[in-house]
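Trainee: Next comes the structure file work.txt, holding compact mmCIF, C-alpha atoms.
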# COMPACT_ATOMS: atom_id res chain seq x y z
CA MET A 213 20.74 61.16 -52.22
CA SER A 214 22.48 58.89 -49.71
CA SER A 215 25.54 60.30 -48.02
CA VAL A 216 28.49 58.14 -46.98
CA LYS A 217 29.40 58.16 -43.30
CA THR A 218 32.91 57.18 -42.22
CA GLY A 219 34.01 56.40 -38.70
CA PHE A 220 36.34 54.40 -36.47
CA TYR A 221 35.71 51.74 -33.85
CA GLU A 222 38.39 50.87 -31.30
CA LYS A 223 38.74 48.00 -28.86
CA ASP A 224 41.67 46.22 -27.21
CA GLY A 225 44.32 47.77 -29.42
CA VAL A 226 42.36 47.23 -32.64
CA ARG A 227 41.20 50.22 -34.67
CA ILE A 228 38.64 49.58 -37.41
CA ARG A 229 37.67 52.05 -40.10
CA TYR A 230 34.16 51.62 -41.43
CA GLN A 231 31.73 53.27 -43.81
CA GLU A 232 27.98 53.13 -44.18
CA VAL A 233 25.51 54.41 -46.72
CA GLY A 234 21.76 54.11 -47.24
CA SER A 235 19.03 53.23 -44.78
CA GLY A 236 16.86 50.29 -43.83
CA PHE A 237 17.80 46.83 -42.63
CA PRO A 238 21.59 46.48 -42.18
CA LEU A 239 23.58 44.76 -44.92
CA PHE A 240 27.14 44.11 -43.77
CA ALA A 241 29.32 43.97 -46.88
CA ILE A 242 32.92 42.74 -46.98
CA PRO A 243 34.97 43.54 -50.10
CA GLY A 244 37.37 41.15 -51.78
CA GLY A 245 41.12 41.33 -51.80
CA GLY A 246 42.11 38.53 -49.46
CA LEU A 247 44.05 39.92 -46.51
CA ASN A 248 43.90 43.29 -48.29
CA SER A 249 40.12 43.43 -48.03
CA ARG A 250 39.42 47.15 -47.71
CA LEU A 251 36.60 49.49 -48.57
CA ILE A 252 38.50 51.25 -51.38
CA ASN A 253 38.19 47.97 -53.33
CA TRP A 254 34.45 48.40 -53.88
CA PRO A 255 34.52 50.68 -56.97
CA ASN A 256 36.44 48.03 -58.92
CA ALA A 257 34.50 45.03 -57.61
CA VAL A 258 32.37 42.93 -59.95
CA ILE A 259 29.41 44.00 -57.80
CA ASN A 260 29.90 47.35 -56.10
CA THR A 261 27.68 46.48 -53.17
CA MET A 262 27.83 49.96 -51.65
CA GLU A 263 26.33 51.47 -54.80
CA GLU A 264 24.04 48.65 -55.89
CA PHE A 265 22.18 48.22 -52.60
CA LYS A 266 22.23 51.60 -50.85
CA ALA A 267 18.67 52.29 -51.98
CA ASP A 268 17.47 49.09 -50.29
CA PHE A 269 19.60 48.65 -47.18
CA ARG A 270 21.81 50.35 -44.65
CA VAL A 271 25.06 49.07 -46.18
CA ILE A 272 28.02 48.85 -43.80
CA THR A 273 31.57 48.01 -44.84
CA MET A 274 35.04 48.12 -43.31
CA ASP A 275 38.77 47.81 -43.81
CA GLN A 276 39.94 44.47 -42.43
CA ARG A 277 42.60 44.58 -39.77
CA ASN A 278 46.06 45.38 -41.20
CA ALA A 279 44.98 45.48 -44.86
CA THR A 280 47.48 47.35 -47.03
CA ASN A 281 46.24 50.87 -47.88
CA GLY A 282 43.42 50.43 -45.39
CA GLU A 283 43.09 52.28 -42.10
CA SER A 284 42.26 49.38 -39.76
CA THR A 285 45.15 48.35 -37.54
CA GLY A 286 45.88 45.97 -34.70
CA PRO A 287 48.02 43.09 -33.50
CA VAL A 288 48.63 40.11 -35.77
CA PRO A 289 46.22 37.52 -34.30
CA VAL A 290 48.41 34.46 -34.71
CA ASP A 291 46.55 31.90 -32.62
CA ASN A 292 42.93 32.26 -33.82
CA PRO A 293 42.98 34.45 -36.93
CA TRP A 294 39.52 33.60 -38.28
CA ASP A 295 37.98 34.22 -34.87
CA ALA A 296 39.88 37.51 -34.60
CA PHE A 297 38.35 38.70 -37.87
CA ALA A 298 34.92 37.68 -36.56
CA ASP A 299 35.61 39.55 -33.31
CA ASP A 300 36.41 42.71 -35.30
CA GLN A 301 33.29 42.34 -37.43
CA LEU A 302 30.88 41.53 -34.60
CA GLY A 303 32.47 44.22 -32.47
CA LEU A 304 31.76 46.77 -35.19
CA MET A 305 28.14 45.64 -35.39
CA ASP A 306 27.85 46.01 -31.61
CA HIS A 307 29.43 49.46 -31.81
CA LEU A 308 26.83 50.50 -34.41
CA GLY A 309 23.97 49.07 -32.36
CA VAL A 310 23.20 46.42 -34.99
CA ARG A 311 21.84 43.14 -33.67
CA GLN A 312 20.73 41.30 -36.80
CA PHE A 313 22.05 41.85 -40.29
CA ALA A 314 22.28 40.37 -43.76
CA PHE A 315 25.78 39.72 -45.07
CA PHE A 316 27.47 40.10 -48.44
CA GLY A 317 30.94 38.57 -48.56
CA ASN A 318 33.14 38.74 -51.64
CA CYS A 319 36.30 36.63 -52.03
CA ILE A 320 37.64 36.15 -48.47
CA GLY A 321 34.27 37.50 -47.35
CA GLY A 322 32.79 34.08 -48.09
CA SER A 323 35.00 32.55 -45.42
CA PHE A 324 34.11 35.41 -43.09
CA ALA A 325 30.42 34.78 -43.76
CA LEU A 326 30.58 31.15 -42.73
CA LYS A 327 32.62 31.96 -39.63
CA LEU A 328 30.04 34.57 -38.61
CA MET A 329 27.25 32.04 -39.12
CA GLU A 330 29.14 29.67 -36.85
CA ARG A 331 29.88 32.30 -34.22
CA ALA A 332 26.58 34.19 -34.27
CA PRO A 333 23.88 32.16 -36.04
CA ASP A 334 21.11 34.25 -34.48
CA ARG A 335 22.53 37.47 -35.90
CA VAL A 336 23.17 36.65 -39.59
CA VAL A 337 19.73 36.38 -41.23
CA ALA A 338 21.02 35.55 -44.73
CA ALA A 339 24.29 35.70 -46.65
CA ILE A 340 25.52 36.24 -50.18
CA ILE A 341 28.73 34.29 -50.79
CA SER A 342 30.25 35.86 -53.87
CA GLN A 343 33.33 34.44 -55.60
CA PRO A 344 34.57 32.74 -52.41
CA ILE A 345 38.13 31.67 -51.75
CA GLY A 346 38.65 27.96 -51.17
CA TYR A 347 41.02 25.06 -51.21
CA ARG A 348 42.26 24.04 -54.65
CA PRO A 349 43.95 20.59 -54.52
CA GLU A 350 45.90 21.14 -57.73
CA ASP A 351 47.32 24.40 -56.28
CA PRO A 352 47.06 23.92 -52.50
CA GLU A 353 49.35 26.82 -51.57
CA VAL A 354 47.67 29.53 -53.63
CA MET A 355 46.23 31.41 -50.64
CA TRP A 356 49.38 30.99 -48.56
CA ASN A 357 51.46 32.33 -51.46
CA HIS A 358 49.16 35.31 -51.98
CA GLY A 359 49.49 36.13 -48.30
CA ARG A 360 53.25 35.70 -48.13
CA ASP A 361 54.23 37.32 -51.43
CA GLY A 362 51.67 40.12 -51.40
CA TRP A 363 50.18 41.12 -48.09
CA ALA A 364 53.07 40.01 -45.83
CA LYS A 365 55.72 41.88 -47.83
CA GLU A 366 53.72 45.10 -47.72
CA PHE A 367 52.79 44.63 -44.06
CA ARG A 368 56.39 44.20 -42.94
CA GLU A 369 57.37 47.40 -44.76
CA ARG A 370 54.89 49.17 -42.48
CA ARG A 371 55.51 47.06 -39.39
CA PRO A 372 59.13 45.82 -39.52
CA GLU A 373 59.01 44.99 -35.82
CA VAL A 374 56.76 42.00 -36.60
CA PRO A 375 59.10 39.08 -37.42
CA MET A 376 58.54 36.89 -40.46
CA VAL A 377 58.17 33.85 -38.19
CA THR A 378 55.06 35.49 -36.71
CA ILE A 379 53.66 36.17 -40.19
CA GLU A 380 54.28 32.58 -41.28
CA LYS A 381 52.54 31.19 -38.21
CA TYR A 382 49.62 33.53 -38.88
CA LEU A 383 49.33 32.37 -42.49
CA HIS A 384 49.70 28.75 -41.38
CA ASN A 385 46.79 29.10 -38.98
CA LEU A 386 44.69 30.79 -41.64
CA TYR A 387 45.26 28.37 -44.50
CA HIS A 388 46.91 25.14 -43.28
CA VAL A 389 45.07 24.19 -40.08
CA ARG A 390 41.82 23.50 -41.94
CA PRO A 391 43.05 23.28 -45.54
CA ASP A 392 40.02 21.56 -47.03
CA PHE A 393 37.03 23.66 -48.06
CA VAL A 394 36.85 27.39 -47.08
CA PHE A 395 39.54 27.44 -44.35
CA SER A 396 37.41 29.15 -41.70
CA VAL A 397 34.88 26.38 -40.91
CA SER A 398 34.49 22.65 -41.46
CA ARG A 399 32.31 20.82 -43.94
CA ASP A 400 30.37 19.42 -40.99
CA PHE A 401 29.46 22.93 -39.94
CA ALA A 402 28.26 23.80 -43.44
CA ARG A 403 26.24 20.60 -43.55
CA ASN A 404 24.34 21.66 -40.43
CA CYS A 405 24.17 25.42 -41.04
CA GLN A 406 20.56 26.57 -41.38
CA THR A 407 21.27 30.14 -42.50
CA PRO A 408 19.94 30.92 -45.98
CA MET A 409 22.74 31.68 -48.40
CA LEU A 410 23.13 32.40 -52.09
CA VAL A 411 26.40 31.42 -53.77
CA LEU A 412 27.76 33.37 -56.75
CA PRO A 413 30.42 31.05 -58.26
CA ASP A 414 33.76 31.96 -59.73
CA ASP A 415 36.71 29.96 -61.06
CA THR A 416 40.11 31.61 -60.65
CA PRO A 417 43.25 30.40 -58.87
CA ALA A 418 42.08 31.87 -55.55
CA HIS A 419 38.34 31.31 -56.13
CA ALA A 420 37.90 27.58 -56.61
CA TYR A 421 34.73 26.64 -58.48
CA GLN A 422 34.56 23.32 -56.61
CA THR A 423 34.35 25.22 -53.32
CA CYS A 424 31.27 27.04 -54.62
CA VAL A 425 29.70 23.71 -55.59
CA ASP A 426 30.56 22.25 -52.19
CA ILE A 427 29.00 25.14 -50.25
CA ALA A 428 25.83 24.96 -52.33
CA SER A 429 25.68 21.16 -51.99
CA LEU A 430 26.35 20.93 -48.28
CA ALA A 431 24.41 23.81 -46.76
CA PRO A 432 20.74 22.81 -46.54
CA ASN A 433 19.39 26.31 -47.22
CA ALA A 434 21.89 27.32 -49.90
CA GLU A 435 21.07 28.34 -53.45
CA VAL A 436 23.48 28.95 -56.31
CA THR A 437 23.34 31.20 -59.36
CA VAL A 438 24.26 30.21 -62.88
CA TYR A 439 27.95 30.26 -63.82
CA PRO A 440 29.37 32.28 -65.39
CA TRP A 441 27.15 35.21 -64.41
CA LYS A 442 29.38 38.32 -64.90
CA ASP A 443 28.82 38.61 -68.68
CA PRO A 444 26.90 39.64 -70.69
CA PRO A 445 25.71 42.78 -68.83
CA GLU A 446 22.10 41.65 -68.95
CA LEU A 447 22.94 38.45 -67.09
CA LYS A 448 24.97 40.32 -64.49
CA ALA A 449 22.06 42.71 -63.96
CA ARG A 450 19.67 39.79 -63.47
CA THR A 451 22.10 38.23 -61.00
CA ILE A 452 22.28 41.45 -58.98
CA ASN A 453 18.48 41.61 -58.99
CA ARG A 454 18.35 38.01 -57.76
CA VAL A 455 20.71 38.95 -54.91
CA ARG A 456 18.41 41.84 -53.97
CA LYS A 457 15.31 39.64 -54.03
CA PHE A 458 17.05 36.89 -52.05
CA LEU A 459 18.10 39.28 -49.30
CA LYS A 460 14.66 40.88 -49.07
CA ALA A 461 13.00 37.47 -48.98
CA HIS A 462 14.96 36.54 -45.87
CA LEU A 463 14.50 39.66 -43.80
CA PRO A 464 12.99 39.15 -40.34
CA ALA A 465 9.20 39.06 -40.56
CA SER A 466 8.68 42.39 -38.79
CA VAL A 467 11.12 44.16 -41.11
CA ALA A 468 9.80 42.43 -44.23
CA SER A 469 6.26 43.66 -43.53
CA VAL A 470 7.48 47.26 -43.32
CA VAL A 471 9.44 46.89 -46.58
CA SER A 472 6.38 45.41 -48.26
CA ARG A 473 4.17 48.32 -47.20
CA ARG A 474 6.75 50.82 -48.46
CA SER A 475 6.96 49.02 -51.79
As structure tokens, how would this structure be written, given the file I've shared?
Mentor:
Amino acid sequence: MSSVKTGFYEKDGVRIRYQEVGSGFPLFAIPGGGLNSRLINWPNAVINTMEEFKADFRVITMDQRNATNGESTGPVPVDNPWDAFADDQLGLMDHLGVRQFAFFGNCIGGSFALKLMERAPDRVVAAIISQPIGYRPEDPEVMWNHGRDGWAKEFRERRPEVPMVTIEKYLHNLYHVRPDFVFSVSRDFARNCQTPMLVLPDDTPAHAYQTCVDIASLAPNAEVTVYPWKDPPELKARTINRVRKFLKAHLPASVASVVSRRS
């Protein structure tokens, strides 16, 4: 039976809580929740990655910096927020001695995935982009509003010394600087990104279906599942199995040969 390990990583005033379970090739899994992406979200996720894949991978997850009810804290990275998230994530991987890893990103994790591919293309061997956030032209402020009305209100109750003008600049740089597509990277990057990825579409106010189509269309090594895929249970189970097979198919050759012998 796999036991869950919890720890903390600290660097430059940032403190990150993380958990890991299972063994094998590392699978870095980011839960949904927007700016409140935190590991306690996994039990209620459509795919509880920690449970579903712990028999196949060393699954690592974390609270994102300053998520409400999470235990990761740090400054508000106003100037380069997407890069700051990537710094936290890559710093954690360095702390754990992980060089290469597969990635599962739910919700905001899809934007994190693409930023990590841009920042460290030699480290991310494959990515699952599940129910990604994205720009919705008929409701262009949906992510900004979620951040302002949800996360920001809760954050300032904990950290009243951070002025609202700082929060608004932070949200602006997250969602307004590159408002088309997934916010964290450009379409040109996606068009030239060689990392294998599998997109699991969704269609909610924050998870634009067109964004899923765009990722799958632009990225040369992207695949996409059927939509909808969450119901009935048999279809969801097949989708989870496809995710597992996709990740295993894109393991580094040396690792894949070991997995094959074990199987």
Trainee: I'd like the neighbourhood of stretch 440-453 of chain A as a VMD selection string, where a residue qualifies if any of its atoms comes within 9 Å (using only C-alpha atoms), though same-chain residues fewer than 3 positions away should be ignored.
Mentor: chain A and resid 258 to 259 264 412 to 415 437 456 to 458
Trainee: Please, could you write that set of residues out with C-alpha atoms as a compact mmCIF listing (two decimals), keeping the file's coordinate frame?
Mentor:
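Wrote result_18.txt, looks like this:
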# COMPACT_ATOMS: atom_id res chain seq x y z
CA VAL A 258 32.37 42.93 -59.95
CA ILE A 259 29.41 44.00 -57.80
CA GLU A 264 24.04 48.65 -55.89
CA LEU A 412 27.76 33.37 -56.75
CA PRO A 413 30.42 31.05 -58.26
CA ASP A 414 33.76 31.96 -59.73
CA ASP A 415 36.71 29.96 -61.06
CA THR A 437 23.34 31.20 -59.36
CA ARG A 456 18.41 41.84 -53.97
CA LYS A 457 15.31 39.64 -54.03
CA PHE A 458 17.05 36.89 -52.05
Trainee: Just checking: using all atoms listed in the file, which residue out of A:Arg454, A:Lys327, A:His419, A:Lys381 ends up closest to A:Val397?
Mentor: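 Closest to A:Val397 of all the choices is A:Lys327.
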Trainee: Which residues come within 10 Å of stretch 346-354 of chain A, counting all atoms listed in the file, excluding same-chain residues fewer than 3 positions away, as a PyMOL selection string?
Mentor: chain A and resi 319-320+322-323+343+357-360+387-388+390-396+416-424+426
Trainee: Would you kindly return, as a PyMOL selection string, each protein, DNA or RNA residue with an atom no farther than 12 Å from any atom of A:Ala332, considering only C-alpha atoms and excluding same-chain residues fewer than 5 positions away?
Mentor: chain A and resi 295+298-299+301-303+305+311-313+324-327+337-338+405+407
Trainee: From the list A:Ala314, A:Ala296, A:Ser398, A:Ala279, which residue is nearest A:Leu459 when using all atoms listed in the file?
Mentor: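 Distance minimum relative to A:Leu459 lands on A:Ala314.
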Trainee: For A:Glu222, which residue among A:Gly234, A:Leu308, A:Asn253, A:Phe240 is the nearest when counting all atoms listed in the file?
Mentor: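 Distance minimum relative to A:Glu222 lands on A:Leu308.
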Trainee: So how far away is atom CA of A:Pro344 from atom CA of A:Val425, in Å?
Mentor: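 Taking atom CA of A:Val425 and atom CA of A:Pro344, their separation equals 10.7 Å.
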Trainee: Compare A:Asn260, A:Thr273, A:Asn318, A:Thr378 by their minimum atom-to-atom distance to A:Ile345, counting all atoms listed in the file, and give me the closest one.
Mentor: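 Of the candidates, the smallest distance to A:Ile345 is held by A:Asn318.
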Trainee: In terms of the shortest atom-to-atom distance over all atoms listed in the file, which of A:Arg250, A:Arg277, A:His462, A:His384 is closest to A:Asp291?
Mentor: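 Nearest candidate to A:Asp291 out of A:Arg250, A:Arg277, A:His462, A:His384: A:His384.
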Trainee: Can you pull out every residue within 8 Å of A:Ser235, counting all atoms listed in the file, but drop anything in the same chain fewer than 5 positions away, and send it as JSON, numbers by chain?
Mentor: {"A": [266, 267, 268, 269, 270, 271]}
Trainee: Atom CA of A:Gln231 and atom CA of A:Pro333 are how many Å apart?
Mentor: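 Computing the Euclidean distance for atom CA of A:Gln231 and atom CA of A:Pro333 yields 23.8 Å.
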Trainee: Measuring atom to atom with only C-alpha atoms, identify which of A:Pro255, A:Pro293, A:Pro372, A:Pro238 is nearest to A:Pro464.
Mentor: A:Pro238
Trainee: Hey, can you check how far atom CA of A:Pro408 sits from atom CA of A:His307?
Mentor: 25.2 Å
